[in-house]
Structure formats: C-alpha cells, structure tokens
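Peer 1: input-v1.cif is the file, holding mmCIF, C-alpha atoms:
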```cif
data_target
#
loop_
_atom_site.group_PDB
_atom_site.id
_atom_site.type_symbol
_atom_site.label_atom_id
_atom_site.label_comp_id
_atom_site.auth_asym_id
_atom_site.auth_seq_id
_atom_site.Cartn_x
_atom_site.Cartn_y
_atom_site.Cartn_z
ATOM 1 C CA MET A 1 109.057 -80.080 -17.705
ATOM 2 C CA VAL A 2 106.716 -77.953 -15.584
ATOM 3 C CA PRO A 3 103.953 -77.584 -18.253
ATOM 4 C CA GLU A 4 103.663 -81.377 -18.452
ATOM 5 C CA ARG A 5 103.099 -81.523 -14.704
ATOM 6 C CA VAL A 6 100.477 -78.786 -14.940
ATOM 7 C CA ILE A 7 98.703 -80.679 -17.720
ATOM 8 C CA GLY A 8 98.843 -83.730 -15.490
ATOM 9 C CA TYR A 9 96.913 -81.754 -12.878
ATOM 10 C CA GLY A 10 94.148 -81.169 -15.420
ATOM 11 C CA ALA A 11 95.074 -77.842 -17.053
ATOM 12 C CA THR A 12 93.890 -77.555 -20.646
ATOM 13 C CA ARG A 13 95.114 -74.051 -21.534
ATOM 14 C CA LEU A 14 98.651 -72.928 -20.776
ATOM 15 C CA VAL A 15 100.811 -69.916 -21.491
ATOM 16 C CA VAL A 16 104.525 -70.690 -21.266
ATOM 17 C CA PRO A 17 106.448 -67.404 -20.960
ATOM 18 C CA GLY A 18 109.765 -66.853 -22.650
ATOM 19 C CA ASN A 19 112.601 -64.931 -21.086
ATOM 20 C CA PHE A 20 112.962 -61.162 -21.157
ATOM 21 C CA PRO A 21 115.824 -59.413 -22.973
ATOM 22 C CA ILE A 22 117.786 -59.516 -19.722
ATOM 23 C CA GLY A 23 120.551 -57.347 -21.147
ATOM 24 C CA CYS A 24 118.149 -54.395 -20.850
ATOM 25 C CA PHE A 25 117.489 -54.785 -17.109
ATOM 26 C CA PRO A 26 119.184 -52.598 -14.465
ATOM 27 C CA VAL A 27 120.434 -55.569 -12.439
ATOM 28 C CA TYR A 28 122.446 -56.936 -15.376
ATOM 29 C CA LEU A 29 123.385 -53.541 -16.795
ATOM 30 C CA THR A 30 124.901 -52.770 -13.396
ATOM 31 C CA LYS A 31 126.612 -56.110 -12.821
ATOM 32 C CA TYR A 32 128.108 -56.332 -16.302
ATOM 33 C CA GLN A 33 128.618 -52.625 -16.995
ATOM 34 C CA THR A 34 131.502 -51.977 -19.367
ATOM 35 C CA ASN A 35 133.214 -49.076 -21.126
ATOM 36 C CA ASP A 36 133.170 -51.072 -24.364
ATOM 37 C CA SER A 37 130.473 -49.321 -26.408
ATOM 38 C CA THR A 38 130.291 -52.234 -28.844
ATOM 39 C CA ALA A 39 128.868 -54.411 -26.060
ATOM 40 C CA TYR A 40 125.595 -52.443 -26.231
ATOM 41 C CA ASP A 41 122.916 -52.318 -28.910
ATOM 42 C CA GLU A 42 120.905 -49.303 -30.105
ATOM 43 C CA LEU A 43 118.630 -49.534 -27.032
ATOM 44 C CA HIS A 44 121.655 -49.623 -24.715
ATOM 45 C CA CYS A 45 121.108 -53.285 -23.860
ATOM 46 C CA LEU A 46 123.939 -55.766 -23.460
ATOM 47 C CA LYS A 47 124.068 -57.778 -26.679
ATOM 48 C CA GLU A 48 125.553 -60.980 -25.288
ATOM 49 C CA LEU A 49 122.980 -61.277 -22.528
ATOM 50 C CA ASN A 50 120.144 -60.656 -24.972
ATOM 51 C CA ASN A 51 121.580 -63.261 -27.321
ATOM 52 C CA PHE A 52 121.521 -65.684 -24.409
ATOM 53 C CA SER A 53 117.815 -64.938 -23.904
ATOM 54 C CA ILE A 54 117.166 -65.405 -27.629
ATOM 55 C CA TYR A 55 118.823 -68.822 -27.529
ATOM 56 C CA HIS A 56 116.883 -69.796 -24.412
ATOM 57 C CA ASN A 57 113.608 -68.769 -26.053
ATOM 58 C CA TYR A 58 114.451 -70.662 -29.233
ATOM 59 C CA LEU A 59 114.960 -73.872 -27.291
ATOM 60 C CA LEU A 60 111.821 -73.191 -25.260
ATOM 61 C CA GLN A 61 109.723 -72.797 -28.398
ATOM 62 C CA GLN A 62 111.061 -76.100 -29.705
ATOM 63 C CA ALA A 63 110.066 -77.764 -26.445
ATOM 64 C CA ILE A 64 106.601 -76.192 -26.638
ATOM 65 C CA ALA A 65 106.150 -77.516 -30.181
ATOM 66 C CA GLU A 66 107.008 -81.021 -28.961
ATOM 67 C CA LEU A 67 104.646 -80.628 -26.008
ATOM 68 C CA LYS A 68 101.803 -79.626 -28.345
ATOM 69 C CA GLU A 69 102.384 -82.744 -30.422
ATOM 70 C CA GLU A 70 102.240 -84.903 -27.309
ATOM 71 C CA HIS A 71 99.103 -83.138 -26.033
ATOM 72 C CA PRO A 72 97.028 -82.170 -29.111
ATOM 73 C CA ASP A 73 93.856 -81.631 -27.054
ATOM 74 C CA GLU A 74 95.454 -78.955 -24.872
ATOM 75 C CA THR A 75 96.152 -75.361 -25.864
ATOM 76 C CA VAL A 76 99.749 -74.384 -25.210
ATOM 77 C CA VAL A 77 100.840 -70.860 -26.156
ATOM 78 C CA TYR A 78 104.272 -69.265 -26.069
ATOM 79 C CA GLY A 79 104.304 -65.927 -24.221
ATOM 80 C CA ASP A 80 106.696 -63.704 -26.157
ATOM 81 C CA TYR A 81 108.037 -61.656 -23.233
ATOM 82 C CA TYR A 82 111.171 -60.848 -25.213
ATOM 83 C CA ASN A 83 109.512 -58.888 -28.019
ATOM 84 C CA ALA A 84 106.809 -57.507 -25.724
ATOM 85 C CA PHE A 85 109.443 -55.863 -23.533
ATOM 86 C CA LEU A 86 111.494 -54.630 -26.496
ATOM 87 C CA TRP A 87 108.346 -53.013 -27.816
ATOM 88 C CA LEU A 88 107.817 -51.284 -24.454
ATOM 89 C CA LEU A 89 111.400 -50.058 -24.404
ATOM 90 C CA SER A 90 111.437 -48.821 -27.998
ATOM 91 C CA GLU A 91 108.042 -47.083 -27.718
ATOM 92 C CA ALA A 92 108.400 -45.947 -24.095
ATOM 93 C CA ASP A 93 108.074 -42.232 -24.834
ATOM 94 C CA LEU A 94 104.822 -42.790 -26.732
ATOM 95 C CA LEU A 95 103.462 -44.833 -23.824
ATOM 96 C CA GLY A 96 104.149 -42.168 -21.224
ATOM 97 C CA PHE A 97 107.347 -43.484 -19.637
ATOM 98 C CA ASP A 98 110.136 -41.124 -18.615
ATOM 99 C CA PRO A 99 112.625 -41.275 -21.535
ATOM 100 C CA ILE A 100 115.643 -40.432 -19.350
ATOM 101 C CA SER A 101 114.897 -43.160 -16.789
ATOM 102 C CA LEU A 102 114.010 -46.126 -18.989
ATOM 103 C CA GLN A 103 116.721 -48.359 -17.566
ATOM 104 C CA LYS A 104 116.736 -46.988 -14.047
ATOM 105 C CA ALA A 105 114.988 -48.741 -11.172
ATOM 106 C CA CYS A 106 112.152 -46.847 -9.493
ATOM 107 C CA CYS A 107 112.938 -48.429 -6.132
ATOM 108 C CA GLY A 108 116.708 -48.375 -5.893
ATOM 109 C CA ILE A 109 119.854 -46.386 -5.254
ATOM 110 C CA GLY A 110 123.299 -45.981 -6.754
ATOM 111 C CA GLY A 111 125.074 -46.201 -10.087
ATOM 112 C CA ASP A 112 123.935 -45.309 -13.583
ATOM 113 C CA TYR A 113 120.857 -47.513 -13.335
ATOM 114 C CA ASN A 114 119.674 -46.653 -9.832
ATOM 115 C CA TYR A 115 120.421 -50.197 -8.743
ATOM 116 C CA GLY A 116 122.806 -51.163 -5.986
ATOM 117 C CA LEU A 117 124.265 -54.644 -5.796
ATOM 118 C CA SER A 118 124.347 -54.369 -1.991
ATOM 119 C CA SER A 119 121.392 -52.030 -1.275
ATOM 120 C CA TRP A 120 118.127 -53.467 -2.538
ATOM 121 C CA CYS A 121 114.556 -52.263 -2.710
ATOM 122 C CA GLY A 122 112.881 -52.814 0.651
ATOM 123 C CA ASP A 123 115.782 -51.474 2.661
ATOM 124 C CA PRO A 124 114.577 -48.410 4.642
ATOM 125 C CA LYS A 125 117.473 -46.423 3.178
ATOM 126 C CA VAL A 126 116.497 -47.160 -0.420
ATOM 127 C CA PRO A 127 114.197 -44.475 -1.910
ATOM 128 C CA VAL A 128 111.272 -44.949 -4.287
ATOM 129 C CA CYS A 129 110.607 -42.721 -7.298
ATOM 130 C CA GLU A 130 107.662 -40.298 -7.230
ATOM 131 C CA ASN A 131 105.684 -41.866 -10.072
ATOM 132 C CA PRO A 132 106.253 -45.590 -10.731
ATOM 133 C CA ASN A 133 103.902 -45.380 -13.727
ATOM 134 C CA GLU A 134 106.618 -43.430 -15.550
ATOM 135 C CA ARG A 135 109.185 -46.191 -15.053
ATOM 136 C CA LEU A 136 109.647 -49.561 -16.718
ATOM 137 C CA SER A 137 111.664 -51.112 -13.908
ATOM 138 C CA TRP A 138 110.402 -51.331 -10.354
ATOM 139 C CA ASP A 139 113.423 -52.674 -8.483
ATOM 140 C CA GLY A 140 115.957 -53.445 -11.196
ATOM 141 C CA VAL A 141 114.725 -57.024 -11.552
ATOM 142 C CA HIS A 142 110.933 -56.752 -11.814
ATOM 143 C CA LEU A 143 108.846 -54.365 -13.907
ATOM 144 C CA THR A 144 106.391 -51.797 -12.607
ATOM 145 C CA GLN A 145 102.686 -52.582 -12.587
ATOM 146 C CA ARG A 146 102.110 -50.217 -15.525
ATOM 147 C CA ALA A 147 104.805 -51.922 -17.584
ATOM 148 C CA TYR A 148 103.357 -55.363 -16.845
ATOM 149 C CA GLU A 149 99.858 -54.155 -17.765
ATOM 150 C CA LEU A 150 100.999 -52.853 -21.141
ATOM 151 C CA MET A 151 103.041 -55.978 -21.792
ATOM 152 C CA ALA A 152 100.070 -58.213 -20.999
ATOM 153 C CA THR A 153 97.827 -56.209 -23.293
ATOM 154 C CA TRP A 154 100.400 -56.356 -26.090
ATOM 155 C CA LEU A 155 100.611 -60.125 -25.715
ATOM 156 C CA VAL A 156 96.821 -60.518 -25.820
ATOM 157 C CA LEU A 157 96.568 -58.327 -28.921
ATOM 158 C CA ILE A 158 99.341 -60.256 -30.652
ATOM 159 C CA GLN A 159 97.638 -63.543 -29.859
ATOM 160 C CA HIS A 160 94.321 -62.214 -31.170
ATOM 161 C CA HIS A 161 96.036 -60.912 -34.301
ATOM 162 C CA CYS A 162 97.694 -64.303 -34.767
ATOM 163 C CA LYS A 163 94.374 -66.176 -34.601
ATOM 164 C CA LYS A 164 92.767 -63.729 -37.017
ATOM 165 C CA LEU A 165 95.555 -64.182 -39.558
ATOM 166 C CA ALA A 166 95.451 -67.942 -39.153
ATOM 167 C CA ALA A 167 91.708 -67.948 -39.867
ATOM 168 C CA GLU A 168 92.129 -65.711 -42.907
ATOM 169 C CA LEU A 169 95.045 -67.626 -44.384
ATOM 170 C CA GLY A 170 93.845 -71.079 -43.417
ATOM 171 C CA THR A 171 97.158 -72.012 -41.860
ATOM 172 C CA THR A 172 98.808 -72.169 -38.458
ATOM 173 C CA ILE A 173 100.839 -69.107 -37.524
ATOM 174 C CA LEU A 174 102.809 -69.161 -34.313
ATOM 175 C CA ALA A 175 102.251 -66.188 -32.073
ATOM 176 C CA TYR A 176 105.938 -65.418 -31.726
ATOM 177 C CA GLN A 177 106.322 -65.274 -35.525
ATOM 178 C CA VAL A 178 103.497 -62.788 -35.897
ATOM 179 C CA GLY A 179 104.835 -60.830 -32.940
ATOM 180 C CA ALA A 180 108.240 -60.611 -34.577
ATOM 181 C CA GLU A 181 106.742 -59.342 -37.821
ATOM 182 C CA ILE A 182 104.643 -56.745 -36.040
ATOM 183 C CA GLN A 183 107.686 -55.645 -34.093
ATOM 184 C CA LYS A 184 109.701 -55.449 -37.300
ATOM 185 C CA TYR A 185 107.183 -53.298 -39.166
ATOM 186 C CA ARG A 186 106.104 -51.358 -36.067
ATOM 187 C CA TYR A 187 102.466 -52.382 -36.429
ATOM 188 C CA ALA A 188 102.373 -52.764 -32.671
ATOM 189 C CA LYS A 189 102.627 -48.983 -32.386
ATOM 190 C CA THR A 190 99.358 -48.641 -34.285
ATOM 191 C CA LEU A 191 97.679 -51.391 -32.307
ATOM 192 C CA MET A 192 98.633 -49.842 -28.987
ATOM 193 C CA ASN A 193 98.144 -46.134 -29.694
ATOM 194 C CA GLY A 194 94.729 -46.282 -28.056
ATOM 195 C CA LEU A 195 96.234 -47.555 -24.802
ATOM 196 C CA VAL A 196 98.138 -44.388 -23.986
ATOM 197 C CA GLY A 197 96.696 -42.840 -20.851
ATOM 198 C CA MET A 198 94.184 -45.654 -20.346
ATOM 199 C CA GLU A 199 93.653 -47.451 -17.070
ATOM 200 C CA LEU A 200 94.010 -51.125 -17.899
ATOM 201 C CA ILE A 201 92.051 -53.775 -16.030
#
```
Rewrite the coordinates I just gave you, this time as structure tokens.
Peer 2:
Amino acid sequence: MVPERVIGYGATRLVVPGNFPIGCFPVYLTKYQTNDSTAYDELHCLKELNNFSIYHNYLLQQAIAELKEEHPDETVVYGDYYNAFLWLLSEADLLGFDPISLQKACCGIGGDYNYGLSSWCGDPKVPVCENPNERLSWDGVHLTQRAYELMATWLVLIQHHCKKLAAELGTTILAYQVGAEIQKYRYAKTLMNGLVGMELI
C-alpha cells in the first residue's frame, strides 16, 4: 500500500484521497452514454459507475482504518473527493459555474459532453472554452483549477468541522461521516457561501 511506503520514508501526516463520482465525468458519460434514462441519477451521472466509486471508497476507508491502527503516531486522513465533487456539482450555480455546461469539458470537442474519444485536449484542432472558471471539467478527465480550489477548501472546512465536533462531543468522528451529514443537510452550502467570487490561495 502506497501510504505505508510514504510513512516508511518518514511522513507523519497523510491525506489519502478517495475516488471521484466517475459517473459524472465527461469521459465516462461519453464512453458509456445510453438512451436508458434509468441509468442516470438526478444529477445526470451514471449510477453504476458511481456505485463502483462508492464501493472503492468504502474499501479504501477500511484500509485507512487498519493503517491508523498499525501507525497510531501518524495522522492519516481520508480525502472525501466523492462528496466534495457532488457538492460542487449540486451547488454549481451558486458557485458561479455555467449551469448548462456542468458536464461539458472546457478543452474538448464533440458529442453531448464536449469530449471526443479520439480528439483530446492538447490537439491543435481542439478548442478551449472562453472562461475555464465557469466550468467544472477541464479536459473531460481532470477538473479546472477553480473547481479544484473549491474542492480543496470544502475538504479543509469539513476536516476542521470534524475536529471541532470531535472536541465538543469527546469522541472520534471520521471526516467522511461528517462530510456525508453536511452534504445530506446542505450545511456545506452555508459554510461555502462566503467563497463565491473569492480568489482562493
């Protein structure tokens, strides 16, 4: 396991990122596009692919728990990319993203998601959108800088919120559990309202 190797090199604080809801990304929406409306959820993401990510993240969190038991002196935190991205997608309009291009690549061409399986970003013939800050997806696979900035800030706030709750309740609360609750009750919207229009460092 990579984190064990990193700890072996002397690292004492690690963030182990989970997987994104890949069923929401242009590359997979293009490759597995279907006319079956039941294959998509309310955010127009492919359910089966997202379920695969959920299962992956579940196993990853189990492995992290075991790693923390083996290395009690190190800080190992799960990075909840899954819920962070779902929050971005569900609150995209509030955060200044273009609501009609949420699942379209900024740098891309072709199809419903502006992603071509044979013409990729970097090809001289592939155009780039005017304002990447209004898009979630950069090239169909990776996010834009703005999306990554907001995701990172969300993750930091969730982690801070988790520690605060743990101190108040006198118990250990895993970051992904708190993140899920905040996502469920939309507290993240309140936490992040102040970020709209800000330049993040």
Peer 1: By how many Å are atom CA of A:Asp80 and atom CA of A:Cys107 apart?
Peer 2: 25.9 Å
Peer 1: Counting all atoms listed in the file, which residues come within 9 Å of (119.0, -56.5, -19.6), with the point read in the file's coordinates, and could you list them as a ChimeraX atom specification?
Peer 2: /A:20-29,44-47,49-50,103
Peer 1: For the residues selected in the previous step, produce a file with C-alpha atoms as a short mmCIF file (atom, residue, chain, number, x, y, z; two decimals), keeping the file's coordinate frame.
Peer 2:
```
data_model
loop_
_atom_site.label_atom_id
_atom_site.label_comp_id
_atom_site.auth_asym_id
_atom_site.auth_seq_id
_atom_site.Cartn_x
_atom_site.Cartn_y
_atom_site.Cartn_z
CA PHE A 20 112.96 -61.16 -21.16
CA PRO A 21 115.82 -59.41 -22.97
CA ILE A 22 117.79 -59.52 -19.72
CA GLY A 23 120.55 -57.35 -21.15
CA CYS A 24 118.15 -54.40 -20.85
CA PHE A 25 117.49 -54.78 -17.11
CA PRO A 26 119.18 -52.60 -14.46
CA VAL A 27 120.43 -55.57 -12.44
CA TYR A 28 122.45 -56.94 -15.38
CA LEU A 29 123.38 -53.54 -16.80
CA HIS A 44 121.66 -49.62 -24.72
CA CYS A 45 121.11 -53.28 -23.86
CA LEU A 46 123.94 -55.77 -23.46
CA LYS A 47 124.07 -57.78 -26.68
CA LEU A 49 122.98 -61.28 -22.53
CA ASN A 50 120.14 -60.66 -24.97
CA GLN A 103 116.72 -48.36 -17.57
#
```
Peer 1: Using the chain letters and numbers from this file, what does the PyMOL selection byres ((chain A and resi 137) around 12) select? Give the answer as an mmCIF file with C-alpha atoms, keeping the file's coordinate frame.
Peer 2:
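The resulting file, out15.cif, is reproduced below:
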```cif
data_model
loop_
_atom_site.group_PDB
_atom_site.id
_atom_site.type_symbol
_atom_site.label_atom_id
_atom_site.label_comp_id
_atom_site.auth_asym_id
_atom_site.auth_seq_id
_atom_site.Cartn_x
_atom_site.Cartn_y
_atom_site.Cartn_z
ATOM 1 C CA ILE A 22 117.786 -59.516 -19.722
ATOM 2 C CA CYS A 24 118.149 -54.395 -20.850
ATOM 3 C CA PHE A 25 117.489 -54.785 -17.109
ATOM 4 C CA PRO A 26 119.184 -52.598 -14.465
ATOM 5 C CA VAL A 27 120.434 -55.569 -12.439
ATOM 6 C CA PHE A 85 109.443 -55.863 -23.533
ATOM 7 C CA LEU A 88 107.817 -51.284 -24.454
ATOM 8 C CA LEU A 89 111.400 -50.058 -24.404
ATOM 9 C CA ALA A 92 108.400 -45.947 -24.095
ATOM 10 C CA PHE A 97 107.347 -43.484 -19.637
ATOM 11 C CA ASP A 98 110.136 -41.124 -18.615
ATOM 12 C CA SER A 101 114.897 -43.160 -16.789
ATOM 13 C CA LEU A 102 114.010 -46.126 -18.989
ATOM 14 C CA GLN A 103 116.721 -48.359 -17.566
ATOM 15 C CA LYS A 104 116.736 -46.988 -14.047
ATOM 16 C CA ALA A 105 114.988 -48.741 -11.172
ATOM 17 C CA CYS A 106 112.152 -46.847 -9.493
ATOM 18 C CA CYS A 107 112.938 -48.429 -6.132
ATOM 19 C CA GLY A 108 116.708 -48.375 -5.893
ATOM 20 C CA TYR A 113 120.857 -47.513 -13.335
ATOM 21 C CA ASN A 114 119.674 -46.653 -9.832
ATOM 22 C CA TYR A 115 120.421 -50.197 -8.743
ATOM 23 C CA CYS A 121 114.556 -52.263 -2.710
ATOM 24 C CA VAL A 128 111.272 -44.949 -4.287
ATOM 25 C CA CYS A 129 110.607 -42.721 -7.298
ATOM 26 C CA ASN A 131 105.684 -41.866 -10.072
ATOM 27 C CA PRO A 132 106.253 -45.590 -10.731
ATOM 28 C CA ASN A 133 103.902 -45.380 -13.727
ATOM 29 C CA GLU A 134 106.618 -43.430 -15.550
ATOM 30 C CA ARG A 135 109.185 -46.191 -15.053
ATOM 31 C CA LEU A 136 109.647 -49.561 -16.718
ATOM 32 C CA TRP A 138 110.402 -51.331 -10.354
ATOM 33 C CA ASP A 139 113.423 -52.674 -8.483
ATOM 34 C CA GLY A 140 115.957 -53.445 -11.196
ATOM 35 C CA VAL A 141 114.725 -57.024 -11.552
ATOM 36 C CA HIS A 142 110.933 -56.752 -11.814
ATOM 37 C CA LEU A 143 108.846 -54.365 -13.907
ATOM 38 C CA THR A 144 106.391 -51.797 -12.607
ATOM 39 C CA GLN A 145 102.686 -52.582 -12.587
ATOM 40 C CA ARG A 146 102.110 -50.217 -15.525
ATOM 41 C CA ALA A 147 104.805 -51.922 -17.584
ATOM 42 C CA TYR A 148 103.357 -55.363 -16.845
#
```
Peer 1: Go through A:Leu14, A:Ile109, A:Leu86, A:Leu95 one by one, measure the shortest atom-to-atom distance of each to A:His71 using all atoms listed in the file, and give the residue with the smallest value.
Peer 2: A:Leu14
Peer 1: Which distance in Å separates atom CA of A:Tyr32 and atom CA of A:Leu117, to one decimal?
Peer 2: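 Atom CA of A:Tyr32 sits 11.3 Å away from atom CA of A:Leu117.
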Peer 1: Which of these, A:Gln61, A:Leu43, A:Ile7, A:Thr153, has the shortest distance to A:Ser90 once you count all atoms listed in the file?
Peer 2: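 For A:Ser90, the nearest of the candidates is A:Leu43.
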Peer 1: For atom CA of A:Val76 and atom CA of A:Phe52, determine how far apart the two atoms are, in Å to one decimal place.
Peer 2: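 These two atoms are separated by 23.5 Å.
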Peer 1: Pick out the closest residue to A:Trp154 from this set: A:Trp120, A:Tyr81, A:Tyr40, A:Tyr58. Count only C-alpha atoms.
Peer 2: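 Smallest distance to A:Trp154 is found for A:Tyr81.
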Peer 1: Determine the residue membership of the PyMOL selection byres ((chain A and resi 4) around 12) for the file above and supply it as a PDB file with C-alpha atoms, keeping the file's coordinate frame.
Peer 2:
```pdb
ATOM      1  CA  MET A   1     109.057 -80.080 -17.705  1.00  0.00           C
ATOM      2  CA  VAL A   2     106.716 -77.953 -15.584  1.00  0.00           C
ATOM      3  CA  PRO A   3     103.953 -77.584 -18.253  1.00  0.00           C
ATOM      4  CA  ARG A   5     103.099 -81.523 -14.704  1.00  0.00           C
ATOM      5  CA  VAL A   6     100.477 -78.786 -14.940  1.00  0.00           C
ATOM      6  CA  ILE A   7      98.703 -80.679 -17.720  1.00  0.00           C
ATOM      7  CA  GLY A   8      98.843 -83.730 -15.490  1.00  0.00           C
ATOM      8  CA  TYR A   9      96.913 -81.754 -12.878  1.00  0.00           C
ATOM      9  CA  GLY A  10      94.148 -81.169 -15.420  1.00  0.00           C
ATOM     10  CA  ALA A  11      95.074 -77.842 -17.053  1.00  0.00           C
ATOM     11  CA  THR A  12      93.890 -77.555 -20.646  1.00  0.00           C
ATOM     12  CA  ARG A  13      95.114 -74.051 -21.534  1.00  0.00           C
ATOM     13  CA  LEU A  14      98.651 -72.928 -20.776  1.00  0.00           C
ATOM     14  CA  VAL A  16     104.525 -70.690 -21.266  1.00  0.00           C
ATOM     15  CA  ALA A  63     110.066 -77.764 -26.445  1.00  0.00           C
ATOM     16  CA  ILE A  64     106.601 -76.192 -26.638  1.00  0.00           C
ATOM     17  CA  GLU A  66     107.008 -81.021 -28.961  1.00  0.00           C
ATOM     18  CA  LEU A  67     104.646 -80.628 -26.008  1.00  0.00           C
ATOM     19  CA  LYS A  68     101.803 -79.626 -28.345  1.00  0.00           C
ATOM     20  CA  GLU A  70     102.240 -84.903 -27.309  1.00  0.00           C
ATOM     21  CA  HIS A  71      99.103 -83.138 -26.033  1.00  0.00           C
ATOM     22  CA  GLU A  74      95.454 -78.955 -24.872  1.00  0.00           C
ATOM     23  CA  VAL A  76      99.749 -74.384 -25.210  1.00  0.00           C
TER      24      VAL A  76
END
```
Peer 1: I need the residue nearest A:Gly18 from this list: A:Val156, A:Met151, A:Ile54, A:Ile100. Use only C-alpha atoms for the distance.
Peer 2: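 Selected residue with least distance to A:Gly18: A:Ile54.
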